[in-house]
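Asks: Got a file for you: input.txt, compact mmCIF, C-alpha atoms and all ligand atoms.
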# COMPACT_ATOMS: atom_id res chain seq x y z
CA MET A 3 114.35 107.98 72.47
CA SER A 4 114.40 104.74 74.41
CA ASN A 5 111.36 102.51 74.07
CA GLN A 6 111.80 101.45 77.66
CA THR A 7 109.40 102.92 80.20
CA VAL A 8 110.50 103.16 83.82
CA HIS A 9 107.16 104.42 85.10
CA VAL A 10 105.46 102.20 87.68
CA PRO A 11 101.66 102.58 87.56
CA VAL A 12 100.12 103.81 90.80
CA LEU A 13 97.13 102.10 92.49
CA LEU A 14 97.07 99.63 89.61
CA GLU A 15 94.89 97.00 91.28
CA GLU A 16 92.41 99.57 92.56
CA VAL A 17 92.12 101.30 89.16
CA THR A 18 91.72 97.98 87.32
CA LYS A 19 89.02 96.86 89.75
CA ALA A 20 87.12 100.14 89.30
CA ILE A 21 87.10 99.80 85.51
CA ALA A 22 86.99 96.02 84.94
CA GLU A 23 83.21 95.61 85.33
CA SER A 24 82.21 98.61 83.24
CA GLY A 25 80.44 98.01 79.95
CA ALA A 26 79.25 95.00 78.00
CA PRO A 27 82.02 92.69 76.69
CA GLY A 28 82.42 93.04 72.95
CA GLU A 29 81.30 96.67 72.88
CA ARG A 30 83.33 98.30 75.65
CA VAL A 31 85.03 101.66 75.15
CA TRP A 32 87.64 102.47 77.80
CA ILE A 33 89.61 105.71 77.60
CA ASP A 34 92.94 106.28 79.30
CA GLY A 35 93.21 110.08 79.21
CA THR A 36 96.82 110.12 80.49
CA LEU A 37 98.52 107.18 78.82
CA GLY A 38 102.07 107.89 80.12
CA GLY A 39 104.09 104.67 80.02
CA ALA A 40 100.91 102.64 79.30
CA GLY A 41 101.20 100.99 82.72
CA HIS A 42 97.46 101.11 83.47
CA ALA A 43 96.61 100.76 79.77
CA SER A 44 98.55 97.47 79.42
CA GLU A 45 96.61 95.96 82.30
CA LEU A 46 93.29 97.21 80.89
CA VAL A 47 94.01 96.02 77.36
CA ALA A 48 94.57 92.51 78.69
CA LEU A 49 90.97 92.48 79.99
CA LEU A 50 89.34 93.57 76.74
CA HIS A 51 87.91 91.27 74.05
CA ASP A 52 87.25 91.32 70.35
CA GLY A 53 84.94 94.28 69.58
CA ASP A 54 86.14 96.27 72.61
CA CYS A 55 88.31 99.36 72.27
CA LEU A 56 90.91 101.19 74.33
CA ILE A 57 91.74 104.76 73.43
CA GLY A 58 94.80 106.39 74.96
CA PHE A 59 95.38 110.16 75.07
CA ASP A 60 98.59 111.92 76.05
CA ARG A 61 99.88 115.43 75.34
CA ASP A 62 103.43 114.12 75.23
CA PRO A 63 104.40 112.78 71.76
CA VAL A 64 107.23 110.76 73.32
CA ALA A 65 104.79 109.00 75.67
CA ILE A 66 102.52 108.15 72.73
CA ALA A 67 105.39 106.70 70.67
CA ARG A 68 106.70 104.70 73.61
CA SER A 69 103.24 103.36 74.51
CA GLU A 70 102.58 102.42 70.91
CA ALA A 71 105.74 100.31 70.92
CA LYS A 72 104.88 98.79 74.30
CA LEU A 73 101.24 97.99 73.53
CA SER A 74 102.14 96.47 70.15
CA GLN A 75 104.29 93.91 71.99
CA ILE A 76 101.37 92.78 74.15
CA SER A 77 99.17 90.20 72.53
CA ARG A 78 95.72 91.74 72.32
CA ILE A 79 92.50 91.21 70.47
CA CYS A 80 90.73 94.49 71.18
CA SER A 81 91.29 97.60 69.10
CA VAL A 82 93.69 100.27 70.43
CA LYS A 83 93.84 103.89 69.27
CA LEU A 84 96.34 106.42 70.54
CA VAL A 85 95.80 110.16 70.32
CA ASN A 86 98.51 112.78 70.89
CA SER A 87 96.29 115.35 72.51
CA SER A 88 94.96 116.56 75.85
CA TYR A 89 92.21 114.62 77.62
CA ARG A 90 90.42 117.96 77.37
CA ASP A 91 89.81 117.06 73.70
CA ILE A 92 87.95 113.81 74.49
CA PRO A 93 84.48 115.42 74.05
CA GLU A 94 85.39 116.65 70.53
CA TYR A 95 86.87 113.26 69.67
CA ILE A 96 83.60 111.58 70.63
CA ARG A 97 81.49 114.24 68.91
CA ASP A 98 83.43 113.77 65.67
CA GLY A 99 82.25 110.17 65.71
CA SER A 100 85.69 108.61 66.07
CA ILE A 101 84.36 106.53 68.98
CA GLY A 102 81.13 106.09 70.94
CA HIS A 103 80.51 107.20 74.51
CA ALA A 104 82.85 105.62 77.05
CA ASP A 105 82.24 102.97 79.68
CA ALA A 106 85.24 104.23 81.63
CA ILE A 107 87.58 107.22 81.59
CA LEU A 108 90.82 107.19 83.57
CA LEU A 109 92.90 110.26 84.42
CA ASP A 110 96.20 109.64 86.23
CA LEU A 111 97.30 113.24 86.63
CA GLY A 112 100.66 114.97 86.63
CA LEU A 113 103.80 113.60 85.08
CA SER A 114 105.38 110.17 84.65
CA SER A 115 108.71 108.86 85.89
CA ASP A 116 109.73 108.61 82.20
CA GLN A 117 109.36 112.39 81.92
CA LEU A 118 111.16 112.95 85.23
CA GLU A 119 114.10 110.91 84.02
CA ASP A 120 114.33 112.65 80.63
CA ARG A 121 117.39 114.94 80.63
CA GLU A 122 116.07 116.89 77.64
CA ARG A 123 113.02 118.28 79.44
CA GLY A 124 114.20 119.55 82.85
CA PHE A 125 111.24 118.08 84.79
CA SER A 126 113.49 117.00 87.64
CA PHE A 127 116.04 119.18 89.40
CA LYS A 128 117.76 115.96 90.42
CA VAL A 129 118.20 114.84 86.80
CA GLY A 130 118.72 118.35 85.35
CA GLY A 131 118.59 119.52 81.73
CA PRO A 132 117.16 122.48 79.81
CA LEU A 133 114.24 123.99 81.69
CA ASP A 134 111.35 123.15 79.38
CA LEU A 135 108.69 121.41 81.54
CA ARG A 136 106.09 121.15 78.76
CA PHE A 137 104.30 117.86 78.20
CA ASP A 138 104.05 118.78 74.53
CA PRO A 139 107.13 120.82 73.58
CA SER A 140 105.38 122.09 70.42
CA GLN A 141 102.71 123.94 72.43
CA GLY A 142 102.94 127.14 74.46
CA ILE A 143 106.18 128.45 75.97
CA SER A 144 108.92 126.68 77.92
CA ALA A 145 109.53 127.33 81.61
CA ALA A 146 112.85 129.00 80.70
CA ASP A 147 110.96 131.45 78.44
CA LEU A 148 108.42 132.08 81.16
CA LEU A 149 111.22 132.92 83.62
CA ALA A 150 112.77 135.23 81.02
CA LYS A 151 109.56 137.14 80.19
CA ALA A 152 107.20 137.24 83.17
CA SER A 153 107.28 140.12 85.64
CA ASP A 154 108.47 139.71 89.20
CA ARG A 155 104.83 139.87 90.36
CA GLU A 156 103.57 137.31 87.81
CA LEU A 157 106.31 134.86 88.77
CA ALA A 158 105.62 135.28 92.47
CA ASP A 159 101.89 134.66 91.89
CA ILE A 160 102.56 131.50 89.86
CA ILE A 161 104.97 130.10 92.44
CA TYR A 162 102.60 130.94 95.29
CA GLN A 163 99.34 129.76 93.68
CA PHE A 164 100.56 126.60 91.95
CA GLY A 165 103.38 125.67 94.34
CA GLU A 166 101.90 126.94 97.61
CA GLU A 167 105.43 128.24 98.26
CA ARG A 168 105.62 130.81 101.06
CA PHE A 169 108.97 132.15 99.82
CA SER A 170 107.49 132.84 96.36
CA ARG A 171 108.36 136.57 96.36
CA ARG A 172 111.94 135.93 97.34
CA ILE A 173 112.38 133.31 94.61
CA ALA A 174 110.73 135.51 91.95
CA ARG A 175 112.92 138.47 92.89
CA ALA A 176 116.08 136.36 92.67
CA ILE A 177 115.06 135.03 89.21
CA VAL A 178 114.40 138.55 87.90
CA GLU A 179 117.65 139.96 89.36
CA ARG A 180 119.68 137.12 87.91
CA ARG A 181 118.18 137.41 84.43
CA LEU A 182 119.63 140.93 84.01
CA THR A 183 123.00 139.30 83.44
CA ASP A 184 122.52 135.54 83.26
CA PRO A 185 118.98 134.16 82.72
CA VAL A 186 117.99 130.84 84.27
CA THR A 187 117.80 128.27 81.47
CA THR A 188 118.46 124.91 83.13
CA ALA A 189 116.91 122.85 85.90
CA GLU A 190 120.25 122.85 87.77
CA GLN A 191 120.49 126.67 87.74
CA LEU A 192 116.94 127.08 89.03
CA CYS A 193 117.53 124.50 91.74
CA ASP A 194 120.76 126.23 92.89
CA LEU A 195 119.03 129.62 92.94
CA ILE A 196 116.16 128.28 95.11
CA HIS A 197 118.58 126.58 97.48
CA ARG A 198 120.44 129.87 97.88
CA VAL A 199 117.36 132.00 98.67
CA VAL A 200 115.08 129.60 100.57
CA PRO A 201 116.20 128.76 104.09
CA GLY A 202 116.69 125.04 104.77
CA LYS A 203 117.38 123.00 101.63
CA ILE A 204 115.25 120.05 102.71
CA HIS A 205 111.91 120.41 104.56
CA GLY A 206 111.08 116.99 106.01
CA ARG A 207 111.40 114.71 102.99
CA ILE A 208 110.75 117.46 100.47
CA ASP A 209 113.49 119.45 98.73
CA SER A 210 112.79 123.20 98.79
CA ALA A 211 112.94 123.31 94.96
CA THR A 212 110.03 120.85 94.58
CA ARG A 213 107.23 123.39 94.98
CA THR A 214 108.64 125.87 92.45
CA PHE A 215 109.19 123.15 89.83
CA GLN A 216 105.61 121.96 90.37
CA ALA A 217 104.31 125.53 90.02
CA LEU A 218 106.17 126.21 86.77
CA ARG A 219 105.10 122.86 85.30
CA ILE A 220 101.46 123.55 86.15
CA ALA A 221 101.73 127.04 84.64
CA VAL A 222 103.37 126.18 81.32
CA ASN A 223 100.99 123.25 80.75
CA GLN A 224 97.91 125.09 82.10
CA GLU A 225 97.25 121.89 83.96
CA LEU A 226 94.54 123.12 86.29
CA ASP A 227 92.57 124.72 83.43
CA HIS A 228 92.63 121.45 81.48
CA LEU A 229 91.52 119.54 84.57
CA THR A 230 88.76 121.95 85.61
CA GLU A 231 87.28 122.11 82.13
CA SER A 232 87.49 118.34 81.69
CA MET A 233 85.87 117.55 85.02
CA LYS A 234 82.87 119.59 83.82
CA ARG A 235 82.66 118.00 80.37
CA LEU A 236 83.89 114.40 80.69
CA PRO A 237 80.77 113.10 82.52
CA GLU A 238 78.80 113.76 79.31
CA CYS A 239 81.24 111.51 77.45
CA LEU A 240 80.31 108.51 79.60
CA LYS A 241 77.50 106.06 78.94
CA PRO A 242 74.97 105.87 81.79
CA GLY A 243 76.65 103.70 84.43
CA GLY A 244 80.12 104.53 83.05
CA VAL A 245 82.86 105.42 85.51
CA LEU A 246 85.22 108.37 85.84
CA VAL A 247 88.38 107.31 87.67
CA VAL A 248 90.87 110.01 88.70
CA ILE A 249 94.21 109.85 90.53
CA SER A 250 95.56 113.17 91.80
CA PHE A 251 98.95 113.90 93.37
CA HIS A 252 98.59 117.22 95.18
CA SER A 253 95.96 119.22 96.98
CA LEU A 254 95.29 121.66 94.12
CA GLU A 255 94.34 118.80 91.79
CA ASP A 256 92.47 116.83 94.42
CA ARG A 257 90.32 119.81 95.40
CA ILE A 258 89.19 120.24 91.79
CA VAL A 259 88.46 116.51 91.38
CA LYS A 260 86.60 116.20 94.68
CA HIS A 261 84.39 119.27 94.20
CA SER A 262 83.70 118.61 90.53
CA MET A 263 82.61 115.04 91.19
CA ARG A 264 80.43 116.10 94.12
CA ASP A 265 78.78 118.99 92.28
CA HIS A 266 78.25 117.48 88.81
CA PRO A 267 74.55 116.76 88.21
CA LEU A 268 75.31 113.66 86.09
CA LEU A 269 77.61 112.00 88.64
CA GLU A 270 77.23 109.83 91.69
CA VAL A 271 80.40 109.69 93.81
CA LEU A 272 81.44 106.11 94.63
CA THR A 273 84.37 107.01 96.93
CA ARG A 274 83.21 109.04 99.96
CA LYS A 275 86.87 109.18 100.98
CA PRO A 276 89.70 108.85 98.44
CA ILE A 277 91.40 105.48 98.04
CA LEU A 278 95.07 105.74 99.11
CA PRO A 279 98.05 103.49 98.36
CA THR A 280 98.96 100.90 100.98
CA GLU A 281 102.18 101.15 103.00
CA MET A 282 103.47 98.26 100.91
CA GLU A 283 102.86 100.13 97.65
CA ILE A 284 104.52 103.29 99.04
CA ASP A 285 107.54 101.22 100.10
CA LYS A 286 107.84 99.69 96.62
CA ASN A 287 107.02 102.89 94.74
CA PRO A 288 107.64 106.05 96.82
CA ARG A 289 106.16 108.17 94.02
CA SER A 290 102.74 106.77 94.97
CA ARG A 291 102.81 108.32 98.46
CA SER A 292 100.72 111.39 97.62
CA ALA A 293 98.25 109.63 95.29
CA LYS A 294 94.50 109.90 95.89
CA LEU A 295 92.02 107.92 93.82
CA ARG A 296 88.43 109.12 93.43
CA ILE A 297 85.72 107.36 91.42
CA ALA A 298 82.30 108.57 90.24
CA ARG A 299 79.62 106.94 88.10
CA ARG A 300 77.40 108.54 85.50
CA LEU A 301 73.82 108.31 86.68
CA PHE A 302 71.22 106.35 84.72
CA GLU A 303 68.74 109.07 83.62
C1 LIG A 401 101.20 109.96 85.81
S1 LIG A 401 101.50 109.86 84.11
C2 LIG A 401 100.42 108.56 83.60
C3 LIG A 401 101.02 107.21 83.80
C4 LIG A 401 100.19 106.08 83.25
N1 LIG A 401 98.91 105.98 83.91
C5 LIG A 401 100.93 104.77 83.37
O1 LIG A 401 100.51 103.92 84.15
O2 LIG A 401 101.94 104.58 82.69
C6 LIG A 401 100.68 111.26 83.50
C7 LIG A 401 100.73 111.42 81.99
O3 LIG A 401 99.69 112.34 81.66
C8 LIG A 401 100.13 113.17 80.62
N2 LIG A 401 99.30 114.38 80.70
C9 LIG A 401 99.36 115.39 81.57
N3 LIG A 401 98.37 116.26 81.34
C10 LIG A 401 97.67 115.78 80.29
C11 LIG A 401 96.51 116.21 79.59
N4 LIG A 401 95.86 117.35 79.91
N5 LIG A 401 96.04 115.44 78.60
C12 LIG A 401 96.67 114.28 78.25
N6 LIG A 401 97.78 113.83 78.87
C13 LIG A 401 98.25 114.56 79.88
C14 LIG A 401 101.60 113.37 80.88
O4 LIG A 401 102.25 113.72 79.68
C15 LIG A 401 102.01 112.00 81.43
O5 LIG A 401 102.49 111.19 80.40
In structure tokens, how does this file's structure come out?

Replies:
Amino acid sequence: MSNQTVHVPVLLEEVTKAIAESGAPGERVWIDGTLGGAGHASELVALLHDGDCLIGFDRDPVAIARSEAKLSQISRICSVKLVNSSYRDIPEYIRDGSIGHADAILLDLGLSSDQLEDRERGFSFKVGGPLDLRFDPSQGISAADLLAKASDRELADIIYQFGEERFSRRIARAIVERRLTDPVTTAEQLCDLIHRVVPGKIHGRIDSATRTFQALRIAVNQELDHLTESMKRLPECLKPGGVLVVISFHSLEDRIVKHSMRDHPLLEVLTRKPILPTEMEIDKNPRSRSAKLRIARRLFE
């Protein structure tokens, strides 16, 4: 594993500004629920003082190890704790007394460029590799296993619901037919299969394989369940006045974030409309183009 991270943090200035004023210096607790390449975390750590604490969660053990190496190289005076677990476990972590309630919680959803570039995980059909797609390869089943075991109907539903792919049935049928003789086990094979059965390889700027890869990744990681549950429970983990800062990358995530923030009795929404990246940021970092940042504050009771 390389210690180098290639991930460029999205909406870095906007996220930092949203969190920078939260809490009293010397007793601040900031939680990065999706540490990734520690891009946001490095910037946040630099703002913290003696007595403050940053806690980073990530399901991916590789991301935790890489961030540990990166953060240890940054001179810092605050305490830093890293936890290889889902942000869904933050409430239990607080309840167990490991830390106090938080002044800020950040979720930067989805996957990092480090994961996309990793040939061992199959996250990108452009990079290829065994079709795993799990953030934590020790949990649940890989995407290749899912393709080998699920019924035609189950696969079509996953690809339709989590990928919003209108050719979901056609793709599912092709996967099931192929597995009778030669199951799909790599990102390259899945990509070729989709290109063969879906008309038009590229729709606008989006490759026709993108939606199916997204759907399978969401399914094997149960991403929307983790997000929905956390959006209900994380507000209770904040101190009054603490902020919940969430970046989403597609409409399924953003819908959950928007409605949960609006409907939660403990939250006041601070962003009537989501904050979007500037043209300049999109030019520099095309991955940021679909990002939406929403911020809510825990009410003072
Ligand atoms: C977009 S990246 C975060 C990048 C990070 N903000 C940075 O600037 O380097 C998303 C990260 O969230 C992690 N992740 C996804 N779902 C998670 C969950 N439920 N709990 C914890 N981490 C999760 C992924 O493994 C990935 O490393």

Asks: Set out as a tab-separated table a contact list for chain A and ligand LIG 401 (chain A) with a cut-off of 9 Å, giving each residue of chain A that qualifies its closest atom pair and distance in Å to one decimal, counting all atoms listed in the file, ordered by chain and rising residue number.

Replies:
residue	atom	partner	partner_atom	distance
A:Thr7	CA	A:LIG401	O2	8.0
A:Val8	CA	A:LIG401	O2	8.8
A:His9	CA	A:LIG401	O2	5.8
A:Val10	CA	A:LIG401	O1	6.3
A:Pro11	CA	A:LIG401	O1	3.8
A:Val12	CA	A:LIG401	O1	6.7
A:Leu14	CA	A:LIG401	O1	7.7
A:Asp34	CA	A:LIG401	N1	7.5
A:Gly35	CA	A:LIG401	C12	5.5
A:Thr36	CA	A:LIG401	O3	3.8
A:Leu37	CA	A:LIG401	C4	4.9
A:Gly38	CA	A:LIG401	O5	3.3
A:Gly39	CA	A:LIG401	O2	3.4
A:Ala40	CA	A:LIG401	O2	4.0
A:Gly41	CA	A:LIG401	O1	3.3
A:His42	CA	A:LIG401	O1	4.2
A:Ala43	CA	A:LIG401	O1	6.7
A:Ser44	CA	A:LIG401	O1	8.2
A:Gly58	CA	A:LIG401	C12	8.8
A:Phe59	CA	A:LIG401	C12	5.4
A:Asp60	CA	A:LIG401	N6	3.5
A:Arg61	CA	A:LIG401	N6	4.4
A:Asp62	CA	A:LIG401	O4	4.6
A:Pro63	CA	A:LIG401	O4	8.3
A:Val64	CA	A:LIG401	O5	8.5
A:Ala65	CA	A:LIG401	O5	5.7
A:Ile66	CA	A:LIG401	O5	8.3
A:Ser69	CA	A:LIG401	O2	8.4
A:Val85	CA	A:LIG401	C12	9.0
A:Asn86	CA	A:LIG401	C12	7.7
A:Ser87	CA	A:LIG401	C12	5.9
A:Ser88	CA	A:LIG401	N5	3.2
A:Tyr89	CA	A:LIG401	N5	4.0
A:Arg90	CA	A:LIG401	N4	6.0
A:Asp91	CA	A:LIG401	N5	8.1
A:Leu108	CA	A:LIG401	N1	8.2
A:Leu109	CA	A:LIG401	N1	7.4
A:Asp110	CA	A:LIG401	C1	5.0
A:Leu111	CA	A:LIG401	C6	5.0
A:Gly112	CA	A:LIG401	C6	4.9
A:Leu113	CA	A:LIG401	C6	4.2
A:Ser114	CA	A:LIG401	S1	3.9
A:Ser115	CA	A:LIG401	S1	7.5
A:Asp116	CA	A:LIG401	O5	7.9
A:Gln117	CA	A:LIG401	O5	7.1
A:Arg136	CA	A:LIG401	O4	8.4
A:Phe137	CA	A:LIG401	O4	4.9
A:Asp138	CA	A:LIG401	O4	7.4
A:Asn223	CA	A:LIG401	N3	7.5
A:Gln224	CA	A:LIG401	N4	8.3
A:Glu225	CA	A:LIG401	N4	6.2
A:Leu226	CA	A:LIG401	N4	8.7
A:Asp227	CA	A:LIG401	N4	8.8
A:His228	CA	A:LIG401	N4	5.5
A:Leu229	CA	A:LIG401	N4	6.7
A:Ser232	CA	A:LIG401	N4	8.6
A:Ile249	CA	A:LIG401	C1	8.4
A:Ser250	CA	A:LIG401	C1	8.8
A:Phe251	CA	A:LIG401	C1	8.8

Asks: List every protein, DNA or RNA residue with an atom no more than 9 Å from (100.4, 126.3, 91.5) in the file's coordinates, counting all atoms listed in the file, and format the result as a list in words.

Replies: Asp159, Ile160, Ile161, Tyr162, Gln163, Phe164, Gly165, Glu166, Glu167, Arg213, Thr214, Gln216, Ala217, Leu218, Arg219, Ile220, Ala221, Leu226 and Leu254 of chain A

Asks: How far is it from atom CA of A:Ala67 to atom CA of A:Leu84, in Å with one decimal?

Replies: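 Computed distance, atom CA of A:Ala67 to atom CA of A:Leu84, equals 9.1 Å.
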
Asks: So which residues fall inside 12 Å of (89.1, 90.8, 87.8) if we count all atoms listed in the file? Mind giving them as a PyMOL selection string?

Replies: chain A and resi 15-24+45-46+48-50

Asks: Enter the distance from atom CA of A:Tyr95 to atom CA of A:Met263, in Å, rounded to one decimal.

Replies: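 Interatomic distance here is 22.0 Å.
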